[in-house]
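Chemist: Here you go, one structure.
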Amino acid sequence: MIRPPLSTFFYAIVFSGLLGFQARAGTSEALLARGENLFVLGGCGHCHTAEDGPMLAGGDPLKTPFGTFYPPNITPDPETGIGNWSEKDLTRALREGISPHGQPYYPAFPFTSFTLMKDEDLTALKAYLDTVPPIRHQTPAHDLSFPFNVRRGLWGWRWLFFRPARFQPDPMRSGQWNRGAYLVQGPGHCGECHTPRNWMGALDRSRAYAGSVVGELNAPNITPDPEYGIGEWSETDLLYFFETGMKPDGDTASDEMAKIIRKGISKLPEKDLRAIIEYLQSLPPIAAEP
């Protein structure tokens with residue numbers, strides 16, 4: 001038997017390694033693109049970036065009836081951000097509302113929606129966040145009134161109002177509808193603003209998406225009710241609104257929603273926007289205003 005020269009084996013090994021590197025690079029690129037899409041959809045930059053501040057180094061104060069919340073630094077800075085967080089830490093925070101030190105988060109952080117997110121999406125989001133430039137910036141502590149400033153009380157709140165869960169597709173619905181339901185209910189967390197809350201700050205899911213007023217935030221009814229909601233908006237109207245912030249009557253989105261559209265929703269792929277629209281138009285109409 002004639003043996004091939006050693007150089008042949010050498011080049012074969014190098015070539016195989018290059019193929020493997022290219023495959024890993026391609027996977028990494030796809031993973032980062034997926035993570036960025038989720039980052040945009042979740043409005044992470046909108047909440048965790050101050051109006052004139054560095055990206056994700058801490059957001060503008062969020063004023064509520066319970067006090068003022070300060071969105072934290074989520075850059076990879078190891079001291080003031082999340083640079084020391086593992087993927088497990090991030091997953092626990094988003095799905096369970098628990099910090100790496102075992103402390104419960106306030107529901108101003110929408111873990112009650114993020115709990116529905118898929119494993120692969122959390123992996124992609126963590127990969128993308130790791131690419132953000134680290135910024136050393138310590139955000140202020142929340143300034144809350146009593147008894148809401150007693151963090152231990154959150155354990156009782158969780159027992160009453162929070163159940164970790166994963167998104168379950170509806171087999172009777174289309175793939176596009178299920179995609180829209182997942183994006184709206186989970187990473188998009190639309191209900192966190194557009195659903196009213198009770199006196200303890202928990203979502204009133206019996207009036208889901210019927211609009212809400214929390215502090216300075218006035219989020220309108222986005223159910224298909226023709227009088228109070230978006231029942232008279234066509235698919236084209238909604239698509240144009242998500243892309244530009246322009247309403248069918250020529251008015252524009254409010255300041256907060258305009259930022260969300262400009263920094264987030266407008267950057268989503270059209271297929272995701274159409275999935276979101278299909279889901280929103282399928283909601284039960286609720287004749288109510290915030």
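Chain lettering (A, B, ...) mirrors the order of the structure tokens, residue numbering begins at 1 for each chain separately, and ligand numbering begins at 1 in order of display.
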So which residues touch A:Gly245 within 8 Å, counting only C-alpha atoms, skipping near sequence neighbours fewer than 5 positions away, as a list in words?

Modeler: Tyr240, Thr252, Ala253, Met257, Ala258, Ile261 and Arg262 of chain A

Chemist: So that I can check the surroundings of A:Ser86, please list as a PyMOL selection string every protein, DNA and RNA residue that reaches within 12 Å of it, counting only C-alpha atoms and ignoring chain neighbours fewer than 4 positions away.

Modeler: chain A and resi 76+78+82+90-93+99-100+122-123+126-127+129-130

Chemist: Store the residues of this selection in a file with N, CA and C atoms, as a PDB file, in the first residue's frame.

Modeler:
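Now in part01.pdb:
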ATOM      1  N   PRO A  76     -20.664  45.265  29.898  1.00  0.00           N
ATOM      2  CA  PRO A  76     -19.811  44.212  30.472  1.00  0.00           C
ATOM      3  C   PRO A  76     -18.769  44.705  31.483  1.00  0.00           C
ATOM      4  N   PRO A  78     -17.028  44.889  34.769  1.00  0.00           N
ATOM      5  CA  PRO A  78     -17.106  43.892  35.845  1.00  0.00           C
ATOM      6  C   PRO A  78     -17.489  44.462  37.202  1.00  0.00           C
ATOM      7  N   ILE A  82     -22.504  44.207  34.241  1.00  0.00           N
ATOM      8  CA  ILE A  82     -22.763  42.771  34.352  1.00  0.00           C
ATOM      9  C   ILE A  82     -21.607  41.958  33.755  1.00  0.00           C
ATOM     10  N   LEU A  90     -27.559  35.555  33.852  1.00  0.00           N
ATOM     11  CA  LEU A  90     -28.484  36.341  33.043  1.00  0.00           C
ATOM     12  C   LEU A  90     -29.811  35.613  32.870  1.00  0.00           C
ATOM     13  N   THR A  91     -29.737  34.312  32.629  1.00  0.00           N
ATOM     14  CA  THR A  91     -30.958  33.520  32.467  1.00  0.00           C
ATOM     15  C   THR A  91     -31.812  33.573  33.724  1.00  0.00           C
ATOM     16  N   ARG A  92     -31.172  33.445  34.864  1.00  0.00           N
ATOM     17  CA  ARG A  92     -31.912  33.486  36.125  1.00  0.00           C
ATOM     18  C   ARG A  92     -32.550  34.853  36.349  1.00  0.00           C
ATOM     19  N   ALA A  93     -31.822  35.898  36.004  1.00  0.00           N
ATOM     20  CA  ALA A  93     -32.358  37.251  36.166  1.00  0.00           C
ATOM     21  C   ALA A  93     -33.582  37.469  35.277  1.00  0.00           C
ATOM     22  N   SER A  99     -31.335  38.057  41.236  1.00  0.00           N
ATOM     23  CA  SER A  99     -29.983  38.528  40.935  1.00  0.00           C
ATOM     24  C   SER A  99     -28.964  37.417  41.162  1.00  0.00           C
ATOM     25  N   PRO A 100     -27.735  37.593  40.666  1.00  0.00           N
ATOM     26  CA  PRO A 100     -26.692  36.595  40.924  1.00  0.00           C
ATOM     27  C   PRO A 100     -26.426  36.375  42.417  1.00  0.00           C
ATOM     28  N   LEU A 122     -31.952  33.373  24.921  1.00  0.00           N
ATOM     29  CA  LEU A 122     -31.175  33.892  26.050  1.00  0.00           C
ATOM     30  C   LEU A 122     -29.680  33.749  25.785  1.00  0.00           C
ATOM     31  N   THR A 123     -29.296  32.634  25.162  1.00  0.00           N
ATOM     32  CA  THR A 123     -27.886  32.441  24.796  1.00  0.00           C
ATOM     33  C   THR A 123     -27.445  33.506  23.806  1.00  0.00           C
ATOM     34  N   LYS A 126     -27.166  37.013  25.506  1.00  0.00           N
ATOM     35  CA  LYS A 126     -25.952  37.123  26.317  1.00  0.00           C
ATOM     36  C   LYS A 126     -24.726  37.330  25.425  1.00  0.00           C
ATOM     37  N   ALA A 127     -24.681  36.598  24.305  1.00  0.00           N
ATOM     38  CA  ALA A 127     -23.553  36.743  23.385  1.00  0.00           C
ATOM     39  C   ALA A 127     -23.480  38.166  22.846  1.00  0.00           C
ATOM     40  N   LEU A 129     -24.780  40.996  24.268  1.00  0.00           N
ATOM     41  CA  LEU A 129     -24.458  41.938  25.341  1.00  0.00           C
ATOM     42  C   LEU A 129     -22.965  41.923  25.673  1.00  0.00           C
ATOM     43  N   ASP A 130     -22.326  40.775  25.495  1.00  0.00           N
ATOM     44  CA  ASP A 130     -20.891  40.670  25.767  1.00  0.00           C
ATOM     45  C   ASP A 130     -20.055  41.478  24.780  1.00  0.00           C
TER      46      ASP A 130
END

Chemist: Could you tell me, as a VMD selection string, which residues of stretch 70-275 of chain A DSSP assigns to strand (DSSP E or B) when given the backbone?

Modeler: chain A and resid 98 104 143 to 144 197 203 212 to 214 217 to 219 246 252

Chemist: Filtering to N, CA and C atoms, could you give me those residues as a short mmCIF file (atom, residue, chain, number, x, y, z; two decimals), in the first residue's frame?

Modeler:
data_model
loop_
_atom_site.label_atom_id
_atom_site.label_comp_id
_atom_site.auth_asym_id
_atom_site.auth_seq_id
_atom_site.Cartn_x
_atom_site.Cartn_y
_atom_site.Cartn_z
N ILE A 98 -34.30 37.00 39.68
CA ILE A 98 -33.40 36.84 40.82
C ILE A 98 -31.99 37.26 40.41
N PRO A 104 -34.31 39.26 45.05
CA PRO A 104 -35.40 39.42 44.06
C PRO A 104 -35.37 40.81 43.43
N ASP A 143 -35.13 54.90 44.59
CA ASP A 143 -35.65 55.80 45.63
C ASP A 143 -37.14 55.52 45.77
N LEU A 144 -37.49 54.60 46.67
CA LEU A 144 -38.86 54.12 46.80
C LEU A 144 -39.44 54.48 48.16
N ARG A 197 -52.28 47.78 35.93
CA ARG A 197 -51.77 47.08 37.10
C ARG A 197 -52.66 47.34 38.31
N LEU A 203 -49.67 42.97 37.03
CA LEU A 203 -50.48 43.13 35.81
C LEU A 203 -51.88 42.56 36.01
N SER A 212 -52.73 51.54 29.99
CA SER A 212 -52.33 51.73 31.38
C SER A 212 -51.69 53.10 31.57
N VAL A 213 -51.86 53.63 32.78
CA VAL A 213 -51.18 54.85 33.18
C VAL A 213 -50.37 54.53 34.43
N VAL A 214 -49.05 54.64 34.33
CA VAL A 214 -48.16 54.38 35.46
C VAL A 214 -47.20 55.56 35.58
N LEU A 217 -46.06 57.64 32.53
CA LEU A 217 -46.24 56.86 31.31
C LEU A 217 -47.72 56.61 31.05
N ASN A 218 -48.18 57.00 29.88
CA ASN A 218 -49.56 56.76 29.46
C ASN A 218 -49.53 55.89 28.21
N ALA A 219 -49.81 54.59 28.40
CA ALA A 219 -49.76 53.63 27.29
C ALA A 219 -51.19 53.32 26.83
N MET A 246 -45.86 57.00 12.56
CA MET A 246 -46.96 57.80 12.06
C MET A 246 -48.27 57.02 12.15
N THR A 252 -48.53 61.53 15.37
CA THR A 252 -47.34 60.71 15.59
C THR A 252 -47.37 60.08 16.98
#

Chemist: May I ask which of the residues A:Thr195, A:Thr131, A:Ser206, A:Gln138 is the closest one to A:Ser113, counting only C-alpha atoms?

Modeler: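 Nearest candidate to A:Ser113 out of A:Thr195, A:Thr131, A:Ser206, A:Gln138: A:Thr195.
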
Chemist: Which is closest to A:Arg158 among A:Pro140, A:Pro133, A:Gly97, A:Gly175, if we use only C-alpha atoms?

Modeler: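 For A:Arg158, the nearest of the given residues is A:Gly97.
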
Chemist: Give me, as a list of chain:residue names, all polymer residues having an atom no more than 7 Å from stretch 277-289 of chain A, counting only C-alpha atoms and skipping those fewer than 4 positions away in the same chain.

Modeler: A:Trp177, A:Gly180, A:Ala181, A:Ala210, A:Gly211, A:Asn221, A:Thr223, A:Pro224, A:Asp225, A:Tyr228, A:Glu235, A:Leu238, A:Leu273

Chemist: Could you write out that same residue set with C-alpha atoms as a PDB file, in the first residue's frame?

Modeler:
ATOM      1  CA  TRP A 177     -49.270  33.981  14.815  1.00  0.00           C
ATOM      2  CA  GLY A 180     -46.016  37.166  17.029  1.00  0.00           C
ATOM      3  CA  ALA A 181     -47.455  35.892  20.313  1.00  0.00           C
ATOM      4  CA  ALA A 210     -56.317  47.626  27.371  1.00  0.00           C
ATOM      5  CA  GLY A 211     -53.951  50.481  28.209  1.00  0.00           C
ATOM      6  CA  ASN A 221     -55.284  50.519  24.497  1.00  0.00           C
ATOM      7  CA  THR A 223     -56.641  45.721  21.559  1.00  0.00           C
ATOM      8  CA  PRO A 224     -58.747  45.590  18.354  1.00  0.00           C
ATOM      9  CA  ASP A 225     -61.563  47.619  19.914  1.00  0.00           C
ATOM     10  CA  TYR A 228     -60.707  52.786  22.249  1.00  0.00           C
ATOM     11  CA  GLU A 235     -52.271  45.727   8.703  1.00  0.00           C
ATOM     12  CA  LEU A 238     -49.800  49.126  11.783  1.00  0.00           C
ATOM     13  CA  LEU A 273     -43.448  43.036  12.406  1.00  0.00           C
TER      14      LEU A 273
END

Chemist: Using only C-alpha atoms for the distances, tell me which of A:Ile265, A:Ile230, A:Ala124, A:Val132 is nearest to A:Thr244.

Modeler: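 Residue with the minimum atom-to-atom distance to A:Thr244: A:Ile265.
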
Chemist: When DSSP is applied to the backbone of this structure, which of stretch 31-69 of chain A are assigned alpha helix (DSSP H)? Write them out as number ranges by chain.

Modeler: A: 31-41, 44-48

Chemist: If you count only C-alpha atoms, which residues fall within 8 Å of A:Ala33, apart from same-chain ones fewer than 4 positions away, as a list in words?

Modeler: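 Within the cut-off, the hits are Glu29, Asn37 and Tyr128 of chain A.
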
Chemist: For a test of reading the model, state the distance in Å between atom CA of A:Ala108 and atom CA of A:Asp52, rounded to one decimal.

Modeler: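 Computed distance, atom CA of A:Ala108 to atom CA of A:Asp52, equals 22.0 Å.
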
Chemist: A:Leu41, A:Arg34, A:Pro65, A:Leu160: which is nearest A:Phe242, counting only C-alpha atoms?

Modeler: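 Nearest candidate to A:Phe242 out of A:Leu41, A:Arg34, A:Pro65, A:Leu160: A:Leu41.
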
Chemist: Name all residues at most 7 Å from stretch 163-169 of chain A (count only C-alpha atoms; drop same-chain ones fewer than 2 positions away) and give them as a ChimeraX atom specification.

Modeler: /A:95-96,115-117,161,171,178,182

Chemist: Enter the distance from atom CA of A:Thr64 to atom CA of A:His137, in Å, rounded to one decimal.

Modeler: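 Atom-to-atom, atom CA of A:Thr64 and atom CA of A:His137 are spaced 23.5 Å apart.
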
Chemist: Could you work out how far atom CA of A:Gln185 lies from atom CA of A:Asp251, giving the answer in Å with one decimal?

Modeler: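 Going from atom CA of A:Asp251 over to atom CA of A:Gln185 covers 26.7 Å.
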
Chemist: So, counting only C-alpha atoms, which residue among A:Asp77, A:Gly156, A:Leu62, A:Thr112 is closest to A:Leu94?

Modeler: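 Among the listed residues, the smallest separation from A:Leu94 belongs to A:Thr112.
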
Chemist: Considering only C-alpha atoms, state which residue in the set A:Thr75, A:Asn198, A:Asn84, A:Ser266 is at the smallest distance from A:Ala57.

Modeler: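 Result for the nearest residue to A:Ala57: A:Thr75.
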